[in-house]
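Taking it in order: structure first as structure tokens, then the write-up.
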Amino acid sequence: MPTIVQPEIPTDPLPAGLYIVATPIGNLGDVTLRAIETLARCDAVACEDTRVAGKFLKHLGITKPLWRYDDHVDAKTRDAIVSSLADKAVALISDAGTPLVSDPGYRLARAARDAGRSMTTVPGACAAIAGLTLSGLPSDRFLFAGFLPVKDKARRDLLEELSPVDTSLIFYETGPRLMKSLAAIDEVLPGREIAVAREITKLHEECRRGMGAGLMAHFDAHPPKGEIVLMVGPPPEEACQADPDDLLREALKTMKISQAAAYVAKATGLDRKQLYARAMELKE
């Protein structure tokens, strides 16, 4: 096997401006050479959490001034960073993944653009895209909607607003809130496949796809931790015209017979008892 020669990283300073640098979402091996070069050559790093950023830079053998930039910084701090871009190269990173994607860096990038500062993107990992590639859901069109609301009514209202959208939907979620979100999706968007991706790029990477009831049963028995990419497939082309056998077979992958019959009945309007009998036949 040929030896891979690592390119020498330049040490000369970068031109002044804002550099939006994506970092790994789990596996540190996913950092790009260009990200390493940018972080090594910049004057300072704006970050959500200086402790997280400090550990990451230490892993790369890089030492830089760290400027905290999170949801709680005020306009005065943001303006000071924007002003510094006139003669300094500042790298903007998030705790993991691509800055600005459900991330406070949006306001800084917008302010820098409005002030006419130079801006450069250094792309890399993004949890939403990585999750979609694992899910097996349609990926030709999708809508990313960030974190689902915490409150039940707001969560339901958002899902109802998105229900007519004929694409895969991508959300970010946390382990403690997953069950409530799965229940809401199952109620508001019946008949749609759901995928849950967690620990992406890490040792215990997992992506489960199925119907709401089956996923809720699994995660009730195996409570997840950390941040999650929660995805919902597009609506069935015509629920009333969909082949009930196909729907039952898919539902039976993750549900008991009674659950599968009830789920398909809700999605198609067909008789639950007849669907139960057919599910028994398919299971045999």
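The way I read the labels, and the way they are meant: chains A, B, ... in the order of the structure tokens, residue 1 as the first residue of every chain, and ligand 1 as the first ligand shown, with later ones counted on from there.
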
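For A:Leu162, the list of residues within 12 Å, based on only C-alpha atoms and with local chain neighbours fewer than 4 positions off taken out, reads Phe142, Leu143, Phe144, Ala145, Leu148, Arg155, Arg156, Asp157, Leu158, Asp166, Thr167, Ser168, Leu169, Ile170, Phe171, Ile185, Val188, Leu189, Val232, Gly233, Pro234 and Pro235 of chain A.
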
Inset, instruction - Give me the residues within 12 Å of stretch 99-111 of chain A as an NGL selection string, counting only C-alpha atoms and dropping any in the same chain fewer than 6 places off. - result: :A and (17-25 or 46-49 or 68-83 or 85 or 90-93 or 117-129 or 144-148 or 170-173)

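The two atoms in question, atom CA of A:Arg209 and atom CA of A:Asp95, are spaced 27.1 Å apart.
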
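Proximity to A:Thr11 was assessed for A:Leu134, A:Ser139, A:Leu182, A:Ala40 counting only C-alpha atoms; the smallest distance is recorded for A:Ala40.
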
Long-range neighbours of stretch 255-266 of chain A as a CSV table (one decimal) with N, CA, C and O atoms, in the first residue's frame, 7 Å cut-off, only C-alpha atoms, 4 positions minimum in chain:
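The new file around34.csv reads:
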chain,number,residue,atom,x,y,z
A,213,ALA,N,-44.6,4.2,15.5
A,213,ALA,CA,-44.9,3.3,16.6
A,213,ALA,C,-43.7,2.4,16.9
A,213,ALA,O,-43.3,2.2,18.0
A,214,GLY,N,-43.1,1.8,15.8
A,214,GLY,CA,-42.0,0.9,16.0
A,214,GLY,C,-40.8,1.6,16.5
A,214,GLY,O,-40.1,1.1,17.4
A,247,LEU,N,-47.8,-1.4,2.4
A,247,LEU,CA,-47.8,-0.6,3.6
A,247,LEU,C,-47.7,-1.5,4.9
A,247,LEU,O,-46.9,-1.2,5.8
A,248,LEU,N,-48.4,-2.6,4.8
A,248,LEU,CA,-48.4,-3.5,6.0
A,248,LEU,C,-47.0,-4.2,6.1
A,248,LEU,O,-46.5,-4.3,7.2
A,251,ALA,N,-44.7,-1.7,7.7
A,251,ALA,CA,-45.0,-1.4,9.1
A,251,ALA,C,-44.7,-2.6,9.9
A,251,ALA,O,-44.2,-2.5,11.1
A,270,LEU,N,-58.8,2.4,5.4
A,270,LEU,CA,-59.3,1.0,5.2
A,270,LEU,C,-59.7,0.4,6.6
A,270,LEU,O,-59.3,0.9,7.6
A,271,ASP,N,-60.5,-0.7,6.5
A,271,ASP,CA,-61.0,-1.3,7.7
A,271,ASP,C,-59.9,-1.9,8.5
A,271,ASP,O,-59.1,-2.7,8.0
A,272,ARG,N,-59.8,-1.6,9.8
A,272,ARG,CA,-58.7,-2.1,10.7
A,272,ARG,C,-58.8,-3.6,10.8
A,272,ARG,O,-57.7,-4.3,10.8
A,275,LEU,N,-57.5,-5.3,7.8
A,275,LEU,CA,-56.1,-5.1,7.7
A,275,LEU,C,-55.3,-6.0,8.7
A,275,LEU,O,-54.3,-6.6,8.4
A,276,TYR,N,-55.9,-6.2,9.9
A,276,TYR,CA,-55.3,-7.1,10.9
A,276,TYR,C,-55.3,-8.5,10.3
A,276,TYR,O,-54.2,-9.2,10.5
A,279,ALA,N,-52.6,-8.7,7.7
A,279,ALA,CA,-51.3,-8.7,8.3
A,279,ALA,C,-50.9,-10.0,8.9
A,279,ALA,O,-49.7,-10.5,8.9
A,280,MET,N,-51.9,-10.7,9.5
A,280,MET,CA,-51.6,-12.1,10.0
A,280,MET,C,-51.2,-13.0,8.9
A,280,MET,O,-50.2,-13.8,9.1

Inset, instruction - May I have the residues within 7 Å of A:Glu227 as a VMD selection string, using only C-alpha atoms and disregarding those fewer than 5 positions away in the same chain? - result: chain A and resid 173 to 175 198

Got time to write the residues from that selection, N, CA, C and O atoms, as a short mmCIF file (atom, residue, chain, number, x, y, z; two decimals), in the first residue's frame?
data_model
loop_
_atom_site.label_atom_id
_atom_site.label_comp_id
_atom_site.auth_asym_id
_atom_site.auth_seq_id
_atom_site.Cartn_x
_atom_site.Cartn_y
_atom_site.Cartn_z
N GLU A 173 -32.66 17.19 16.81
CA GLU A 173 -33.37 16.91 18.05
C GLU A 173 -32.40 16.41 19.10
O GLU A 173 -31.26 16.05 18.76
N THR A 174 -32.82 16.41 20.34
CA THR A 174 -31.99 15.89 21.43
C THR A 174 -32.61 14.60 21.95
O THR A 174 -33.82 14.36 21.80
N GLY A 175 -31.77 13.79 22.59
CA GLY A 175 -32.24 12.51 23.11
C GLY A 175 -33.45 12.61 24.03
O GLY A 175 -34.45 11.90 23.83
N ARG A 198 -28.11 8.82 14.88
CA ARG A 198 -27.41 9.30 16.08
C ARG A 198 -25.98 8.78 16.08
O ARG A 198 -25.65 7.83 15.37
#

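Residues within 9 Å of stretch 61-66 of chain A, counting only C-alpha atoms and excluding same-chain residues fewer than 5 positions away, are Ile36, Leu39, Ala40, Cys42, Asp43, Ala44, Val45, Ala46, Cys47, Thr50, Ala53, Gly54 and Phe56 of chain A.
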
Resulting file, chosen residues, all heavy atoms, as an mmCIF file, in the first residue's frame:
data_model
loop_
_atom_site.group_PDB
_atom_site.id
_atom_site.type_symbol
_atom_site.label_atom_id
_atom_site.label_comp_id
_atom_site.auth_asym_id
_atom_site.auth_seq_id
_atom_site.Cartn_x
_atom_site.Cartn_y
_atom_site.Cartn_z
ATOM 1 N N ILE A 36 -7.633 22.649 8.495
ATOM 2 C CA ILE A 36 -6.424 22.696 9.329
ATOM 3 C C ILE A 36 -5.547 23.872 8.917
ATOM 4 O O ILE A 36 -5.045 24.630 9.754
ATOM 5 C CB ILE A 36 -5.636 21.375 9.220
ATOM 6 C CG1 ILE A 36 -6.461 20.209 9.768
ATOM 7 C CG2 ILE A 36 -4.305 21.484 9.964
ATOM 8 C CD1 ILE A 36 -5.832 18.857 9.540
ATOM 9 N N LEU A 39 -7.139 27.218 10.059
ATOM 10 C CA LEU A 39 -7.031 27.423 11.504
ATOM 11 C C LEU A 39 -5.587 27.705 11.918
ATOM 12 O O LEU A 39 -5.334 28.470 12.853
ATOM 13 C CB LEU A 39 -7.566 26.193 12.246
ATOM 14 C CG LEU A 39 -9.077 25.962 12.106
ATOM 15 C CD1 LEU A 39 -9.463 24.591 12.636
ATOM 16 C CD2 LEU A 39 -9.861 27.052 12.830
ATOM 17 N N ALA A 40 -4.637 27.115 11.205
ATOM 18 C CA ALA A 40 -3.231 27.343 11.528
ATOM 19 C C ALA A 40 -2.759 28.734 11.116
ATOM 20 O O ALA A 40 -1.852 29.298 11.740
ATOM 21 C CB ALA A 40 -2.362 26.278 10.849
ATOM 22 N N CYS A 42 -4.892 31.573 10.619
ATOM 23 C CA CYS A 42 -5.736 32.712 10.994
ATOM 24 C C CYS A 42 -5.167 33.430 12.213
ATOM 25 O O CYS A 42 -4.269 32.930 12.897
ATOM 26 C CB CYS A 42 -7.165 32.235 11.265
ATOM 27 S SG CYS A 42 -7.341 31.249 12.757
ATOM 28 N N ASP A 43 -5.705 34.600 12.505
ATOM 29 C CA ASP A 43 -5.260 35.392 13.661
ATOM 30 C C ASP A 43 -6.032 35.043 14.929
ATOM 31 O O ASP A 43 -5.503 35.184 16.037
ATOM 32 C CB ASP A 43 -5.438 36.888 13.363
ATOM 33 C CG ASP A 43 -4.563 37.341 12.207
ATOM 34 O OD1 ASP A 43 -3.345 37.116 12.274
ATOM 35 O OD2 ASP A 43 -5.111 37.908 11.240
ATOM 36 N N ALA A 44 -7.274 34.608 14.787
ATOM 37 C CA ALA A 44 -8.101 34.275 15.952
ATOM 38 C C ALA A 44 -9.228 33.358 15.507
ATOM 39 O O ALA A 44 -9.553 33.277 14.319
ATOM 40 C CB ALA A 44 -8.667 35.536 16.602
ATOM 41 N N VAL A 45 -9.837 32.683 16.497
ATOM 42 C CA VAL A 45 -10.934 31.757 16.210
ATOM 43 C C VAL A 45 -12.149 32.170 17.036
ATOM 44 O O VAL A 45 -12.078 32.239 18.269
ATOM 45 C CB VAL A 45 -10.550 30.305 16.552
ATOM 46 C CG1 VAL A 45 -11.745 29.369 16.330
ATOM 47 C CG2 VAL A 45 -9.358 29.850 15.713
ATOM 48 N N ALA A 46 -13.250 32.471 16.367
ATOM 49 C CA ALA A 46 -14.519 32.746 17.036
ATOM 50 C C ALA A 46 -15.266 31.420 17.176
ATOM 51 O O ALA A 46 -15.422 30.684 16.196
ATOM 52 C CB ALA A 46 -15.344 33.747 16.235
ATOM 53 N N CYS A 47 -15.738 31.118 18.387
ATOM 54 C CA CYS A 47 -16.297 29.786 18.631
ATOM 55 C C CYS A 47 -17.434 29.850 19.640
ATOM 56 O O CYS A 47 -17.531 30.788 20.434
ATOM 57 C CB CYS A 47 -15.213 28.837 19.128
ATOM 58 S SG CYS A 47 -14.345 29.442 20.595
ATOM 59 N N THR A 50 -15.343 27.961 24.191
ATOM 60 C CA THR A 50 -13.874 28.009 24.114
ATOM 61 C C THR A 50 -13.238 26.714 24.612
ATOM 62 O O THR A 50 -12.156 26.348 24.171
ATOM 63 C CB THR A 50 -13.334 29.191 24.942
ATOM 64 O OG1 THR A 50 -13.801 29.085 26.294
ATOM 65 C CG2 THR A 50 -13.796 30.519 24.342
ATOM 66 N N ALA A 53 -13.578 24.246 21.628
ATOM 67 C CA ALA A 53 -12.663 24.678 20.577
ATOM 68 C C ALA A 53 -11.212 24.462 20.990
ATOM 69 O O ALA A 53 -10.374 24.054 20.169
ATOM 70 C CB ALA A 53 -12.906 26.145 20.245
ATOM 71 N N GLY A 54 -10.906 24.721 22.259
ATOM 72 C CA GLY A 54 -9.537 24.546 22.737
ATOM 73 C C GLY A 54 -9.074 23.109 22.627
ATOM 74 O O GLY A 54 -7.934 22.841 22.219
ATOM 75 N N PHE A 56 -10.222 20.871 20.527
ATOM 76 C CA PHE A 56 -10.100 20.545 19.099
ATOM 77 C C PHE A 56 -8.794 21.083 18.530
ATOM 78 O O PHE A 56 -8.057 20.377 17.834
ATOM 79 C CB PHE A 56 -11.299 21.117 18.343
ATOM 80 C CG PHE A 56 -11.225 20.944 16.851
ATOM 81 C CD1 PHE A 56 -11.115 19.686 16.286
ATOM 82 C CD2 PHE A 56 -11.267 22.050 16.001
ATOM 83 C CE1 PHE A 56 -11.047 19.521 14.902
ATOM 84 C CE2 PHE A 56 -11.204 21.897 14.641
ATOM 85 C CZ PHE A 56 -11.090 20.626 14.089
#

Legend entry - Interatomic distance, atom CA of A:Leu60 to atom CA of A:Pro15 (Å, one decimal): 21.6 Å

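Straight-line separation from atom CA of A:Pro224 to atom CA of A:Thr133: 20.3 Å.
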
Inset, instruction - Go through stretch 10-149 of chain A and collect every residue that DSSP, computed from the backbone, puts in strand (DSSP E or B); the answer should be as a count of residues only. - result: 28

Legend entry - Backbone DSSP call of helix (DSSP H, G or I) for stretch 62-99 of chain A, listed as a PyMOL selection string: chain A and resi 75-84

Just-selected residues, C-alpha atoms written as a tab-separated table (two decimals), in the first residue's frame:
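Okay, out-v2.tsv is ready:
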chain	number	residue	atom	x	y	z
A	75	ALA	CA	-24.41	43.32	19.51
A	76	LYS	CA	-21.38	45.19	20.89
A	77	THR	CA	-19.29	41.99	20.83
A	78	ARG	CA	-20.48	41.14	17.33
A	79	ASP	CA	-19.63	44.63	16.08
A	80	ALA	CA	-16.16	44.37	17.62
A	81	ILE	CA	-15.49	41.12	15.75
A	82	VAL	CA	-16.76	42.60	12.50
A	83	SER	CA	-14.50	45.63	12.98
A	84	SER	CA	-11.49	43.36	13.54

Legend entry - Closest of A:Ala115, A:Pro236, A:Val31, A:Val229 to A:Ser163 - atom-to-atom distances counting only C-alpha atoms: A:Pro236

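Considering the residues A:Arg249, A:Trp67, A:Thr32, A:Lys88 and counting only C-alpha atoms, A:Ala16 has its shortest atom-to-atom contact with A:Lys88.
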